[in-house]
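J.: Take a look at the following structure, please.
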Amino acid sequence: MPILFAILLGLLVLFGLPLFAVLGSIALFAFHAEEISISSVGVSMYTLASSPLLIAIPLFTFAGYLFARSRMPDRLVRLSNAFFPGGLSVVALISCAVFTALTGASGVTIIAMGGLLFPALIKEGYSKKFSLGLVTASGSLGLLFPPSLALIIYGYVASVSIDDLFLAGLLPGILLVVVLSAYGLWMGRRQGVKRYRFSLRRMGGALKAAAWEVPLPFIILGGIYSGTFTVMEAAAITALYAFVVEVLIYKDIRLSKLPSIIAESMTLVGGILLILSCATAMTNYLIDAEVPLLILDWMQKYISSKYTFLLLLNLFLLAIGCLMDIFSALIVVVPLIVPVALGFGVHPVHLGIIFLTNLEIGYLTPPVGLNLFISSYRFNLPVVTLYLASLPYLFLLLLGLVIITYWPALSLFLVNLFGR
């Protein structure tokens, strides 16, 4: 019976069965096989739905969609260009990292920022291959920066403090931006790209144009770490702030467009919550069946070194990042990995940063990295062209991953500094 069920489920997956249906079917079949009431699945879903933490997900998502539909990308690029005049490549990396952190979606960044940055990079004198690779790699660069939706989901699934994850992601995220920026400056010098001098007038103009958007990160992060408000309250403030600034002050978005933006953003949220609820039910069964402990026992028979485990973990997560979108990967894989990693002495916060860095790089990893296909669609180019353009960035990000993995102090320094 289990074999027939597995074959049938596999065939349905090939014909496009959604992930939530796969996870829910496995959970229902597993509980039924163990003669446990399948009402346990409904209880798991209810428990998830009643979690106050999940209020943050739709609010941050809605705010991200408002930013993506407004002219914020233009103002953000102008602001970055004024404060980082070393080269447009650095401006592109910083702008995309900040934008991804606020919107939480790599594809949105490439579509919204790519059309603005790619022609600008070509105009500045960067080669087409370099510019394509830069825009594609930048699409997921901000996933480690708060208030990234990926950090929030990992914190919920792994039962780790989201405040700690927000702190832990800052230095590793900066490291990845610095590594790619150094490469961008080096390539800019090789290709004879013009560099601009600091100009107080340009800085003032850019600040004036983005005057209402600049304070948001400081308000949100300052409020969370000072204890003024919680992550859920920060999400509500962010959504309200985005609405007031983009709709009422800048008037980039007409009120008539709000229903479609709300519907689109909540469709994404609904998908995430549906997958999360089904995955939670399946995870409860796996925990009851002590599957993580069995995996840990098996691995400890063959792997004695924590560092070897981390190497294998990275290879596994890179493959997962290639094949699954980041939200599905977080929801499905984290519950299995966390107990095993704890058994090898990996700090759960450090594990979260390793996990997200791998998934971030997975977006860029051939043959099926999601960013590669989004860029191929956005710029109407063969995906093989994107493979070649992205390889230097992929190698640099892998170097950053090695540093983040084997230097846990980089992730934990701010967490320890603030006594959390």
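Ligands are numbered from 1 in the order shown, residues from 1 within each chain, and chains are lettered A, B, ... in the order they appear in the structure tokens.
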Check region 45-173 of chain A with DSSP on the backbone and list each residue it calls helix (DSSP H, G or I), as a ChimeraX atom specification.

T.: /A:45-49,52-69,72-83,88-103,106-124,128-138,149-158,162-168,170-173

J.: Kindly export the residues of the current selection with C-alpha atoms, as an mmCIF file, in the first residue's frame.

T.:
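In the end it all went to again-v7.cif:
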```
data_model
loop_
_atom_site.group_PDB
_atom_site.id
_atom_site.type_symbol
_atom_site.label_atom_id
_atom_site.label_comp_id
_atom_site.auth_asym_id
_atom_site.auth_seq_id
_atom_site.Cartn_x
_atom_site.Cartn_y
_atom_site.Cartn_z
ATOM 1 C CA MET A 45 -3.539 23.902 10.678
ATOM 2 C CA TYR A 46 -5.611 25.602 13.372
ATOM 3 C CA THR A 47 -2.570 25.983 15.610
ATOM 4 C CA LEU A 48 -0.699 27.631 12.751
ATOM 5 C CA ALA A 49 -3.584 29.938 11.896
ATOM 6 C CA PRO A 52 0.169 35.787 16.260
ATOM 7 C CA LEU A 53 3.577 35.743 14.558
ATOM 8 C CA LEU A 54 1.993 34.996 11.177
ATOM 9 C CA ILE A 55 0.338 38.409 11.196
ATOM 10 C CA ALA A 56 3.725 39.789 10.130
ATOM 11 C CA ILE A 57 3.824 37.826 6.867
ATOM 12 C CA PRO A 58 0.833 39.399 5.017
ATOM 13 C CA LEU A 59 1.654 42.882 6.311
ATOM 14 C CA PHE A 60 5.301 42.826 5.231
ATOM 15 C CA THR A 61 4.288 41.246 1.907
ATOM 16 C CA PHE A 62 1.700 43.946 1.210
ATOM 17 C CA ALA A 63 4.246 46.665 2.015
ATOM 18 C CA GLY A 64 6.759 44.996 -0.306
ATOM 19 C CA TYR A 65 4.302 44.965 -3.192
ATOM 20 C CA LEU A 66 3.528 48.656 -2.650
ATOM 21 C CA PHE A 67 7.233 49.495 -2.799
ATOM 22 C CA ALA A 68 7.672 47.354 -5.922
ATOM 23 C CA ARG A 69 4.772 49.048 -7.760
ATOM 24 C CA MET A 72 10.810 53.660 -5.091
ATOM 25 C CA PRO A 73 13.362 51.724 -7.250
ATOM 26 C CA ASP A 74 14.243 54.934 -9.121
ATOM 27 C CA ARG A 75 14.638 56.933 -5.914
ATOM 28 C CA LEU A 76 16.641 54.147 -4.283
ATOM 29 C CA VAL A 77 19.096 53.966 -7.193
ATOM 30 C CA ARG A 78 19.503 57.736 -7.189
ATOM 31 C CA LEU A 79 20.109 57.740 -3.436
ATOM 32 C CA SER A 80 22.656 54.931 -3.623
ATOM 33 C CA ASN A 81 24.417 56.627 -6.526
ATOM 34 C CA ALA A 82 24.770 59.840 -4.541
ATOM 35 C CA PHE A 83 26.236 58.163 -1.444
ATOM 36 C CA LEU A 88 27.224 52.058 -10.739
ATOM 37 C CA SER A 89 27.947 48.384 -10.038
ATOM 38 C CA VAL A 90 28.166 49.123 -6.303
ATOM 39 C CA VAL A 91 25.022 51.237 -6.525
ATOM 40 C CA ALA A 92 23.165 48.377 -8.225
ATOM 41 C CA LEU A 93 24.234 45.846 -5.598
ATOM 42 C CA ILE A 94 23.272 48.038 -2.638
ATOM 43 C CA SER A 95 19.984 49.150 -4.200
ATOM 44 C CA CYS A 96 18.934 45.594 -5.034
ATOM 45 C CA ALA A 97 19.944 44.293 -1.595
ATOM 46 C CA VAL A 98 17.843 46.925 0.174
ATOM 47 C CA PHE A 99 14.939 46.423 -2.227
ATOM 48 C CA THR A 100 14.954 42.638 -1.785
ATOM 49 C CA ALA A 101 15.028 43.009 2.004
ATOM 50 C CA LEU A 102 11.946 45.234 1.856
ATOM 51 C CA THR A 103 9.983 43.279 -0.758
ATOM 52 C CA SER A 106 14.002 37.899 -5.645
ATOM 53 C CA GLY A 107 11.915 37.814 -8.804
ATOM 54 C CA VAL A 108 10.297 41.147 -7.989
ATOM 55 C CA THR A 109 13.745 42.731 -7.606
ATOM 56 C CA ILE A 110 14.993 41.561 -11.008
ATOM 57 C CA ILE A 111 11.798 42.628 -12.763
ATOM 58 C CA ALA A 112 11.463 45.994 -10.978
ATOM 59 C CA MET A 113 15.145 46.973 -10.786
ATOM 60 C CA GLY A 114 16.538 45.109 -13.785
ATOM 61 C CA GLY A 115 14.857 47.270 -16.405
ATOM 62 C CA LEU A 116 16.253 50.344 -14.659
ATOM 63 C CA LEU A 117 19.782 49.141 -13.872
ATOM 64 C CA PHE A 118 20.734 46.994 -16.882
ATOM 65 C CA PRO A 119 20.576 49.784 -19.512
ATOM 66 C CA ALA A 120 22.200 52.191 -17.058
ATOM 67 C CA LEU A 121 25.136 49.798 -16.539
ATOM 68 C CA ILE A 122 25.578 49.388 -20.303
ATOM 69 C CA LYS A 123 25.437 53.165 -20.763
ATOM 70 C CA GLU A 124 28.126 53.643 -18.098
ATOM 71 C CA LYS A 128 26.763 43.265 -21.399
ATOM 72 C CA LYS A 129 27.946 39.991 -19.850
ATOM 73 C CA PHE A 130 29.067 41.693 -16.624
ATOM 74 C CA SER A 131 25.848 43.701 -16.357
ATOM 75 C CA LEU A 132 23.607 40.675 -16.900
ATOM 76 C CA GLY A 133 25.462 38.696 -14.232
ATOM 77 C CA LEU A 134 25.340 41.603 -11.797
ATOM 78 C CA VAL A 135 21.589 42.186 -12.088
ATOM 79 C CA THR A 136 20.858 38.451 -11.882
ATOM 80 C CA ALA A 137 23.074 37.952 -8.815
ATOM 81 C CA SER A 138 21.692 41.055 -7.100
ATOM 82 C CA LEU A 149 10.329 37.632 4.924
ATOM 83 C CA ALA A 150 12.634 34.610 4.665
ATOM 84 C CA LEU A 151 14.158 35.413 8.076
ATOM 85 C CA ILE A 152 10.697 35.632 9.620
ATOM 86 C CA ILE A 153 9.552 32.299 8.169
ATOM 87 C CA TYR A 154 12.769 30.548 9.232
ATOM 88 C CA GLY A 155 12.369 31.933 12.755
ATOM 89 C CA TYR A 156 8.813 30.641 12.972
ATOM 90 C CA VAL A 157 9.537 27.180 11.544
ATOM 91 C CA ALA A 158 12.739 26.672 13.557
ATOM 92 C CA ILE A 162 13.323 36.592 14.880
ATOM 93 C CA ASP A 163 15.002 39.529 16.632
ATOM 94 C CA ASP A 164 18.185 37.448 16.894
ATOM 95 C CA LEU A 165 17.953 36.468 13.228
ATOM 96 C CA PHE A 166 17.564 40.115 12.208
ATOM 97 C CA LEU A 167 20.779 40.894 14.084
ATOM 98 C CA ALA A 168 22.624 37.795 12.885
ATOM 99 C CA LEU A 170 23.468 41.963 9.127
ATOM 100 C CA LEU A 171 27.215 41.205 9.062
ATOM 101 C CA PRO A 172 27.014 38.164 6.728
ATOM 102 C CA GLY A 173 24.739 40.166 4.411
#
```

J.: Would you kindly return, as an MDAnalysis selection string, each protein, DNA or RNA residue with an atom no farther than 9 Å from any atom of His347 (chain A), considering only C-alpha atoms and excluding same-chain residues fewer than 6 positions away?

T.: chainID A and resid 341 408 412

J.: Nearest residue to Ile361 (chain A) out of A:Leu398, A:Ser226, A:Val415, A:Ser304, using only C-alpha atoms?

T.: A:Leu398

J.: Could you pull the residues within 10 Å of Leu311 (chain A), counting only C-alpha atoms, minus those fewer than 3 positions along the same chain, as an MDAnalysis selection string?

T.: chainID A and resid 306:308 314:316 402 405:406

J.: Could you give me, as a ChimeraX atom specification, the residues within 9 Å of region 186-188 of chain A, counting only C-alpha atoms and dropping anything in the same chain fewer than 2 positions from it?

T.: /A:87-89,125-126,130,181-184,190-195

J.: Next, the residues of the selection above should be written as a CSV table (one decimal), in the first residue's frame with N, CA and C atoms.

T.:
```
chain,number,residue,atom,x,y,z
A,87,GLY,N,31.0,53.7,-8.4
A,87,GLY,CA,30.7,53.0,-9.6
A,87,GLY,C,29.3,52.5,-9.5
A,88,LEU,N,28.6,52.4,-10.7
A,88,LEU,CA,27.2,52.1,-10.7
A,88,LEU,C,27.0,50.6,-10.3
A,89,SER,N,28.1,49.8,-10.5
A,89,SER,CA,27.9,48.4,-10.0
A,89,SER,C,27.7,48.3,-8.5
A,125,GLY,N,29.3,52.0,-19.5
A,125,GLY,CA,30.5,51.4,-20.1
A,125,GLY,C,30.8,50.0,-19.6
A,126,TYR,N,29.9,49.4,-18.8
A,126,TYR,CA,30.1,48.0,-18.3
A,126,TYR,C,29.7,47.1,-19.5
A,130,PHE,N,28.9,41.3,-18.0
A,130,PHE,CA,29.1,41.7,-16.6
A,130,PHE,C,27.8,42.2,-16.1
A,181,SER,N,30.8,43.8,-4.4
A,181,SER,CA,31.2,45.2,-4.8
A,181,SER,C,32.6,45.4,-5.1
A,182,ALA,N,33.5,44.6,-4.4
A,182,ALA,CA,34.9,44.7,-4.7
A,182,ALA,C,35.2,44.2,-6.2
A,183,TYR,N,34.5,43.1,-6.5
A,183,TYR,CA,34.6,42.6,-7.9
A,183,TYR,C,34.1,43.6,-8.9
A,184,GLY,N,33.0,44.2,-8.6
A,184,GLY,CA,32.4,45.2,-9.5
A,184,GLY,C,33.3,46.4,-9.7
A,190,ARG,N,38.9,47.8,-14.9
A,190,ARG,CA,39.4,47.1,-16.1
A,190,ARG,C,38.7,47.5,-17.4
A,191,GLN,N,37.4,47.8,-17.3
A,191,GLN,CA,36.6,48.2,-18.4
A,191,GLN,C,36.5,49.7,-18.7
A,192,GLY,N,37.3,50.5,-17.9
A,192,GLY,CA,37.4,51.9,-18.1
A,192,GLY,C,36.2,52.7,-17.8
A,193,VAL,N,35.4,52.2,-16.8
A,193,VAL,CA,34.1,52.9,-16.4
A,193,VAL,C,34.4,54.2,-15.6
A,194,LYS,N,33.7,55.2,-16.0
A,194,LYS,CA,33.9,56.5,-15.3
A,194,LYS,C,33.4,56.4,-13.8
A,195,ARG,N,34.2,57.1,-12.9
A,195,ARG,CA,33.9,57.1,-11.5
A,195,ARG,C,33.5,58.6,-11.2
```

J.: Could you state the separation of CA of Gly139 (chain A) and CA of Val214 (chain A) in Å, given to one decimal place?

T.: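 These atoms are spaced 20.7 Å apart.
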
J.: What is the distance between CA of Ile220 (chain A) and CA of Val245 (chain A), in Å to one decimal?

T.: 15.0 Å
